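J.: Sharing a structure with you now.
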Amino acid sequence: MKHHDVIIIGAGAAGLMCAATAGYRGRDVLVLDNAKQAGRKILISGGGRCNFTNQKVEPNNFICSNNHFVKSALARYRSSDFIELVERHGIEYHERDHGQLFCNDSAKEIVTMLMTECEWAEAKVKLRTEINAIVKLESGQFQLTTDKGEFVCDSLVIATGGLSMPKLGASPFGYHLAEQFGLKVLPTHAGLVPFTWHSDQKIKFEPLSGIAVPSTITAKDGTQFSEALLFTHRGLSGPAILQISNFWKPGETISINLLPGIDVRAAIGLILANHPKQNLRNSLSHWLPKRLVEALFEETLLNKSMNQLIHSELEQVAVSLESWEILMNGTEGYRTAEVTLGGVDTDELSSKTMEAKTVSGLFFIGEVMDVSGWLGGFNFQWAWSSGVAAGQAV
């Protein structure tokens, strides 16, 4: 049996970061993955340009049952540290809204950078490897039985990710392993995911597919995001929806302000004063696409001139525009979700090293644990930070 100081399962963002960090410390590191290619999720992220981190990363950008868990790792490996690494490798990048950083060219550059770091750190990456069994020996070491032979290690790091995007090979492997070793796994569900229509909503709103408007969306718990809202033939998407999906529970409505930054009642009052004979359809079409206006309001109301509308009707229009309450059918699920909410309970892990408190030498990093970031590069930053934290400890 081949012995390594450290074996990391998962050649994604967290696993490769951990491997390079441990390798530079002189550890003998092996990364195992059943995929044909390392970093597959990195490659498709950010539309192929990889939103690799954010200029401003704070603990409150993350969802975790223990709000304090992320603080230590994020403080010790900041987004500025990863940006410095990107710059050292000569990767050109640009900033978009809300501090999001993307490669100018391709996400492949980030994967190449990580693989180069592993090579320089003499950490080996072995792909197309199926793991059949893992046991902890009396010696305290871990024995892995794979289709490529048996391996033994002192430290075992699980970086297998969550259930999102199953077409990329997502599996519950990490959760099952945690449970095998007696660790608690919190219920999982899709995060950063589009919503789907009920059948009656689909008939009404499907023709709006492709329309995007600015919005402010509020969940039942009061969480609020101001971003673009996109109508699709399946439901609602766009950054605002993806963000709010992390805070939504089945059966809850969401409230959508379609005219953020506008005092709707004052604006309606101005139109009423200046264009009293203009009908409601044309009045609202100054602000929103006409097709959206026609889907939101009854034809009889839209055909009335502004001075024909009674106070209650004007109020109804204002409420519909600034707090459109809608009950969606559900989400598109893991198929299109960018992250998995829930996972290995962080109360089972050290926030400094990511090591299991009850199983010496067993570590969990990245998306497999109950830490999920907002949209905007935060999940990658958690991969880098948690990977470094474990890499410095294994």
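Convention: chains lettered A, B, ... in structure tokens order; per-chain residue numbering from 1; ligands numbered from 1 as shown.
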Pro214 of chain A: which residues within 9 Å, counting only C-alpha atoms, same-chain residues fewer than 6 positions away excluded, as a PyMOL selection string?
T.: chain A and resi 226-230+240+257-260
J.: Need the shell around segment 65-80 of chain A: protein/DNA/RNA residues with any atom at most 9 Å away, counting only C-alpha atoms. Skip same-chain ones fewer than 2 positions apart. Format as a PyMOL selection string?
T.: chain A and resi 53-60+62-63+82-85+342+345-347+350-354+370-371+381-382+384-389
J.: Export N, CA, C and O atoms of the chosen residues as a compact mmCIF listing (two decimals), in the first residue's frame?
T.:
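The result, stored in selection37.txt:
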# COMPACT_ATOMS: atom_id res chain seq x y z
N THR A 53 -13.38 35.64 -6.88
CA THR A 53 -13.54 36.15 -5.53
C THR A 53 -14.25 37.49 -5.61
O THR A 53 -14.72 37.89 -6.68
N ASN A 54 -14.31 38.17 -4.48
CA ASN A 54 -14.94 39.48 -4.41
C ASN A 54 -14.00 40.44 -3.68
O ASN A 54 -13.26 40.02 -2.78
N GLN A 55 -14.01 41.71 -4.09
CA GLN A 55 -13.14 42.71 -3.46
C GLN A 55 -13.42 42.84 -1.96
O GLN A 55 -12.53 43.11 -1.18
N LYS A 56 -14.68 42.66 -1.59
CA LYS A 56 -15.05 42.84 -0.19
C LYS A 56 -15.77 41.59 0.32
O LYS A 56 -16.90 41.33 -0.06
N VAL A 57 -15.07 40.81 1.12
CA VAL A 57 -15.63 39.58 1.66
C VAL A 57 -15.78 39.72 3.17
O VAL A 57 -14.81 39.99 3.87
N GLU A 58 -17.01 39.56 3.65
CA GLU A 58 -17.30 39.66 5.08
C GLU A 58 -17.99 38.37 5.55
O GLU A 58 -18.66 37.71 4.75
N PRO A 59 -17.88 38.05 6.83
CA PRO A 59 -18.57 36.85 7.33
C PRO A 59 -20.07 36.87 7.07
O PRO A 59 -20.67 35.81 6.86
N ASN A 60 -20.69 38.07 7.03
CA ASN A 60 -22.14 38.11 6.81
C ASN A 60 -22.54 37.82 5.36
O ASN A 60 -23.72 37.80 5.03
N PHE A 62 -22.06 34.96 4.17
CA PHE A 62 -22.15 33.50 4.18
C PHE A 62 -23.31 33.03 5.05
O PHE A 62 -23.67 33.67 6.04
N ILE A 63 -23.88 31.90 4.65
CA ILE A 63 -24.98 31.28 5.40
C ILE A 63 -24.43 30.02 6.06
O ILE A 63 -23.88 29.14 5.39
N PHE A 82 -5.76 35.95 -2.41
CA PHE A 82 -5.98 35.20 -3.65
C PHE A 82 -5.76 36.08 -4.87
O PHE A 82 -5.22 35.62 -5.88
N ILE A 83 -6.18 37.34 -4.77
CA ILE A 83 -5.95 38.28 -5.88
C ILE A 83 -4.45 38.39 -6.16
O ILE A 83 -4.01 38.41 -7.32
N GLU A 84 -3.65 38.42 -5.10
CA GLU A 84 -2.18 38.50 -5.24
C GLU A 84 -1.66 37.26 -5.97
O GLU A 84 -0.78 37.36 -6.84
N LEU A 85 -2.22 36.09 -5.66
CA LEU A 85 -1.83 34.86 -6.33
C LEU A 85 -2.17 34.92 -7.82
O LEU A 85 -1.35 34.56 -8.69
N GLY A 342 -26.70 23.66 3.47
CA GLY A 342 -26.61 22.53 4.40
C GLY A 342 -25.33 21.75 4.16
O GLY A 342 -24.43 22.17 3.43
N ASP A 345 -22.19 19.41 9.46
CA ASP A 345 -22.44 20.39 10.52
C ASP A 345 -21.11 21.00 10.99
O ASP A 345 -20.19 20.28 11.39
N THR A 346 -21.01 22.33 10.91
CA THR A 346 -19.74 22.98 11.29
C THR A 346 -19.45 22.86 12.79
O THR A 346 -18.30 23.03 13.20
N ASP A 347 -20.47 22.53 13.60
CA ASP A 347 -20.22 22.31 15.03
C ASP A 347 -19.34 21.08 15.25
O ASP A 347 -18.76 20.91 16.32
N SER A 350 -13.35 22.00 13.59
CA SER A 350 -12.57 23.13 14.10
C SER A 350 -12.63 24.26 13.09
O SER A 350 -12.32 24.05 11.91
N SER A 351 -12.98 25.46 13.54
CA SER A 351 -13.06 26.60 12.61
C SER A 351 -11.67 27.07 12.19
O SER A 351 -11.53 27.78 11.20
N LYS A 352 -10.65 26.66 12.93
CA LYS A 352 -9.28 27.07 12.59
C LYS A 352 -8.65 26.13 11.57
O LYS A 352 -7.97 26.57 10.65
N THR A 353 -8.88 24.82 11.73
CA THR A 353 -8.19 23.84 10.88
C THR A 353 -9.11 23.04 9.96
O THR A 353 -8.63 22.37 9.05
N MET A 354 -10.42 23.07 10.19
CA MET A 354 -11.42 22.27 9.45
C MET A 354 -11.36 20.78 9.81
O MET A 354 -11.96 19.94 9.13
N ASP A 370 -21.55 22.84 5.86
CA ASP A 370 -22.70 23.75 5.94
C ASP A 370 -22.25 25.21 5.92
O ASP A 370 -22.44 25.96 6.87
N VAL A 371 -21.62 25.60 4.81
CA VAL A 371 -21.24 27.00 4.57
C VAL A 371 -21.58 27.31 3.12
O VAL A 371 -21.10 26.62 2.21
N GLN A 381 -14.25 32.08 -2.63
CA GLN A 381 -13.39 32.55 -1.56
C GLN A 381 -13.41 31.59 -0.38
O GLN A 381 -12.38 31.36 0.27
N TRP A 382 -14.59 31.00 -0.10
CA TRP A 382 -14.65 30.01 0.98
C TRP A 382 -13.81 28.78 0.63
O TRP A 382 -13.14 28.20 1.49
N TRP A 384 -11.09 28.77 -1.23
CA TRP A 384 -9.67 29.14 -1.04
C TRP A 384 -9.33 29.20 0.46
O TRP A 384 -8.31 28.64 0.89
N SER A 385 -10.17 29.88 1.22
CA SER A 385 -9.86 30.10 2.65
C SER A 385 -9.89 28.79 3.45
O SER A 385 -9.01 28.55 4.28
N SER A 386 -10.91 27.99 3.23
CA SER A 386 -11.00 26.73 3.97
C SER A 386 -9.92 25.75 3.52
O SER A 386 -9.36 24.99 4.33
N GLY A 387 -9.60 25.79 2.21
CA GLY A 387 -8.53 24.95 1.70
C GLY A 387 -7.18 25.28 2.30
O GLY A 387 -6.40 24.39 2.68
N VAL A 388 -6.89 26.57 2.43
CA VAL A 388 -5.64 27.00 3.04
C VAL A 388 -5.61 26.63 4.53
O VAL A 388 -4.59 26.15 5.05
N ALA A 389 -6.75 26.83 5.21
CA ALA A 389 -6.81 26.52 6.65
C ALA A 389 -6.46 25.06 6.91
O ALA A 389 -5.65 24.75 7.81
J.: Running DSSP on the backbone, which parts of segment 68-218 of chain A land in strand (DSSP E), as a VMD selection string?
T.: chain A and resid 93 to 95 100 to 103 124 to 126 131 to 136 142 to 146 149 to 158 185 to 191 195 to 196 212 to 218
J.: Can you pull out every residue within 8 Å of segment 38-50 of chain A, counting only C-alpha atoms, but drop anything in the same chain fewer than 2 positions away, and send it as a PyMOL selection string?
T.: chain A and resi 11-13+33+35-36+52+102-108+110-111+127+168
J.: List the spatial neighbours of segment 275-277 of chain A as a PyMOL selection string - criterion: any atom at most 7 Å away, only C-alpha atoms, same-chain residues fewer than 6 positions off excluded.
T.: chain A and resi 305-307
J.: How about saving the chosen residues, N, CA, C and O atoms kept, as a JSON list (two decimals), in the first residue's frame?
T.:
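What ended up in part-v9.json:
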[["chain", "number", "residue", "atom", "x", "y", "z"],
["A", 305, "SER", "N", -57.79, 56.07, -18.79],
["A", 305, "SER", "CA", -56.87, 57.21, -18.70],
["A", 305, "SER", "C", -56.59, 57.48, -17.23],
["A", 305, "SER", "O", -57.36, 57.08, -16.35],
["A", 306, "MET", "N", -55.49, 58.14, -16.96],
["A", 306, "MET", "CA", -55.06, 58.36, -15.58],
["A", 306, "MET", "C", -56.14, 59.07, -14.76],
["A", 306, "MET", "O", -56.35, 58.74, -13.59],
["A", 307, "ASN", "N", -56.84, 60.05, -15.38],
["A", 307, "ASN", "CA", -57.85, 60.79, -14.61],
["A", 307, "ASN", "C", -59.15, 60.02, -14.44],
["A", 307, "ASN", "O", -60.07, 60.48, -13.77]]
J.: Taking only segment 103-313 of chain A into account, list the residues labelled helix (DSSP H, G or I) by DSSP (computed from the backbone), as a ChimeraX atom specification.
T.: /A:108-120,166-168,173-180,199-208,239-245,264-274,280-284,290-296,299-302,306-308,311-313
J.: To one decimal in Å, tell me the separation between atom CA of Met113 of chain A and atom CA of His89 of chain A.
T.: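 Between atom CA of Met113 of chain A and atom CA of His89 of chain A the gap works out to 6.7 Å.
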J.: If you count only C-alpha atoms, which residues fall within 10 Å of Gly174 of chain A, apart from same-chain ones fewer than 5 positions away, as JSON, numbers by chain?
T.: {"A": [9, 10, 158, 159, 160, 161, 162, 163, 179, 180, 185, 343, 344, 364, 367, 368, 369]}
J.: Write the selection just made, keeping all heavy atoms, as a compact mmCIF listing (two decimals), in the first residue's frame?
T.:
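Written out: result.txt:
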# COMPACT_ATOMS: atom_id res chain seq x y z
N ILE A 9 -9.54 14.13 -1.22
CA ILE A 9 -10.53 13.60 -2.17
C ILE A 9 -11.30 14.78 -2.75
O ILE A 9 -12.03 15.48 -2.05
CB ILE A 9 -11.49 12.61 -1.49
CG1 ILE A 9 -10.71 11.47 -0.84
CG2 ILE A 9 -12.48 12.06 -2.52
CD1 ILE A 9 -11.57 10.48 -0.08
N GLY A 10 -11.09 15.01 -4.04
CA GLY A 10 -11.76 16.11 -4.72
C GLY A 10 -10.76 17.09 -5.31
O GLY A 10 -10.07 17.79 -4.58
N ILE A 158 -11.60 15.86 2.90
CA ILE A 158 -12.76 15.64 2.04
C ILE A 158 -13.15 16.97 1.40
O ILE A 158 -13.56 17.91 2.08
CB ILE A 158 -13.96 15.06 2.82
CG1 ILE A 158 -13.52 13.83 3.64
CG2 ILE A 158 -15.10 14.72 1.87
CD1 ILE A 158 -12.87 12.73 2.82
N ALA A 159 -12.99 17.04 0.07
CA ALA A 159 -13.28 18.27 -0.68
C ALA A 159 -14.16 17.91 -1.88
O ALA A 159 -13.91 18.31 -3.01
CB ALA A 159 -11.98 18.92 -1.14
N THR A 160 -15.21 17.13 -1.59
CA THR A 160 -16.03 16.53 -2.65
C THR A 160 -17.20 17.39 -3.08
O THR A 160 -17.96 17.01 -3.96
CB THR A 160 -16.55 15.16 -2.20
OG1 THR A 160 -17.13 15.30 -0.89
CG2 THR A 160 -15.43 14.15 -2.13
N GLY A 161 -17.36 18.57 -2.46
CA GLY A 161 -18.42 19.47 -2.88
C GLY A 161 -19.80 19.02 -2.45
O GLY A 161 -19.95 18.08 -1.66
N GLY A 162 -20.82 19.71 -3.02
CA GLY A 162 -22.20 19.40 -2.67
C GLY A 162 -22.91 18.65 -3.78
O GLY A 162 -22.30 17.92 -4.56
N LEU A 163 -24.23 18.88 -3.86
CA LEU A 163 -25.06 18.16 -4.82
C LEU A 163 -25.42 18.99 -6.05
O LEU A 163 -26.09 18.50 -6.96
CB LEU A 163 -26.37 17.71 -4.13
CG LEU A 163 -26.18 16.76 -2.94
CD1 LEU A 163 -27.52 16.52 -2.25
CD2 LEU A 163 -25.57 15.44 -3.39
N GLU A 179 -21.07 10.81 7.79
CA GLU A 179 -21.96 9.98 8.61
C GLU A 179 -21.30 8.66 9.00
O GLU A 179 -21.50 8.16 10.12
CB GLU A 179 -23.27 9.73 7.85
CG GLU A 179 -24.12 10.99 7.74
CD GLU A 179 -25.30 10.85 6.79
OE1 GLU A 179 -25.28 9.95 5.92
OE2 GLU A 179 -26.25 11.65 6.92
N GLN A 180 -20.49 8.10 8.10
CA GLN A 180 -19.76 6.87 8.41
C GLN A 180 -18.88 7.05 9.65
O GLN A 180 -18.75 6.12 10.46
CB GLN A 180 -18.89 6.47 7.22
CG GLN A 180 -18.02 5.24 7.47
CD GLN A 180 -16.99 5.02 6.37
OE1 GLN A 180 -17.23 5.33 5.20
NE2 GLN A 180 -15.82 4.49 6.73
N VAL A 185 -24.76 15.52 9.69
CA VAL A 185 -24.92 16.22 8.41
C VAL A 185 -26.29 16.89 8.41
O VAL A 185 -27.32 16.24 8.62
CB VAL A 185 -24.81 15.24 7.22
CG1 VAL A 185 -25.08 15.97 5.90
CG2 VAL A 185 -23.43 14.58 7.19
N GLY A 343 -25.23 20.56 4.78
CA GLY A 343 -24.03 19.74 4.65
C GLY A 343 -23.45 19.38 6.00
O GLY A 343 -24.16 19.42 7.02
N VAL A 344 -22.18 19.05 6.03
CA VAL A 344 -21.54 18.62 7.28
C VAL A 344 -21.64 19.74 8.31
O VAL A 344 -21.26 20.89 8.04
CB VAL A 344 -20.06 18.24 7.04
CG1 VAL A 344 -19.39 17.85 8.36
CG2 VAL A 344 -19.95 17.11 6.03
N PHE A 364 -12.71 18.46 6.53
CA PHE A 364 -13.72 18.77 5.50
C PHE A 364 -13.55 20.23 5.07
O PHE A 364 -13.42 21.12 5.92
CB PHE A 364 -15.13 18.56 6.05
CG PHE A 364 -15.47 17.13 6.31
CD1 PHE A 364 -15.08 16.51 7.50
CD2 PHE A 364 -16.16 16.38 5.37
CE1 PHE A 364 -15.38 15.17 7.74
CE2 PHE A 364 -16.46 15.04 5.60
CZ PHE A 364 -16.06 14.43 6.78
N GLU A 367 -17.51 23.25 -0.19
CA GLU A 367 -18.97 23.22 -0.23
C GLU A 367 -19.59 22.03 0.50
O GLU A 367 -20.77 22.04 0.82
CB GLU A 367 -19.42 23.20 -1.70
CG GLU A 367 -20.91 23.45 -1.90
CD GLU A 367 -21.33 23.33 -3.35
OE1 GLU A 367 -20.46 23.33 -4.26
OE2 GLU A 367 -22.55 23.23 -3.60
N VAL A 368 -18.80 21.01 0.80
CA VAL A 368 -19.34 19.81 1.46
C VAL A 368 -19.86 20.14 2.86
O VAL A 368 -20.73 19.45 3.38
CB VAL A 368 -18.28 18.67 1.51
CG1 VAL A 368 -17.16 19.01 2.48
CG2 VAL A 368 -18.93 17.35 1.85
N MET A 369 -19.34 21.18 3.46
CA MET A 369 -19.81 21.56 4.81
C MET A 369 -20.94 22.58 4.72
O MET A 369 -21.25 23.12 3.67
CB MET A 369 -18.65 22.09 5.64
CG MET A 369 -18.13 23.43 5.20
SD MET A 369 -16.88 24.06 6.33
CE MET A 369 -15.43 23.24 5.71
J.: May I ask which of the residues A:Glu298, A:Glu252, A:Glu348, A:Asp221 is the closest one to Val317 of chain A, counting only C-alpha atoms?
T.: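 Going through A:Glu298, A:Glu252, A:Glu348, A:Asp221 one by one, the smallest distance to Val317 of chain A is for A:Glu298.
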J.: Kindly give the distance, in Å, that separates atom CA of Lys184 of chain A and atom CA of Ala390 of chain A, rounded to a single decimal.
T.: 19.5 Å
J.: Of the candidates A:Lys126, A:His233, A:Arg25, A:His189, which shows the shortest atom-to-atom distance to Gln37 of chain A, using only C-alpha atoms?
T.: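 Ranking A:Lys126, A:His233, A:Arg25, A:His189 by distance to Gln37 of chain A, first place goes to A:Lys126.
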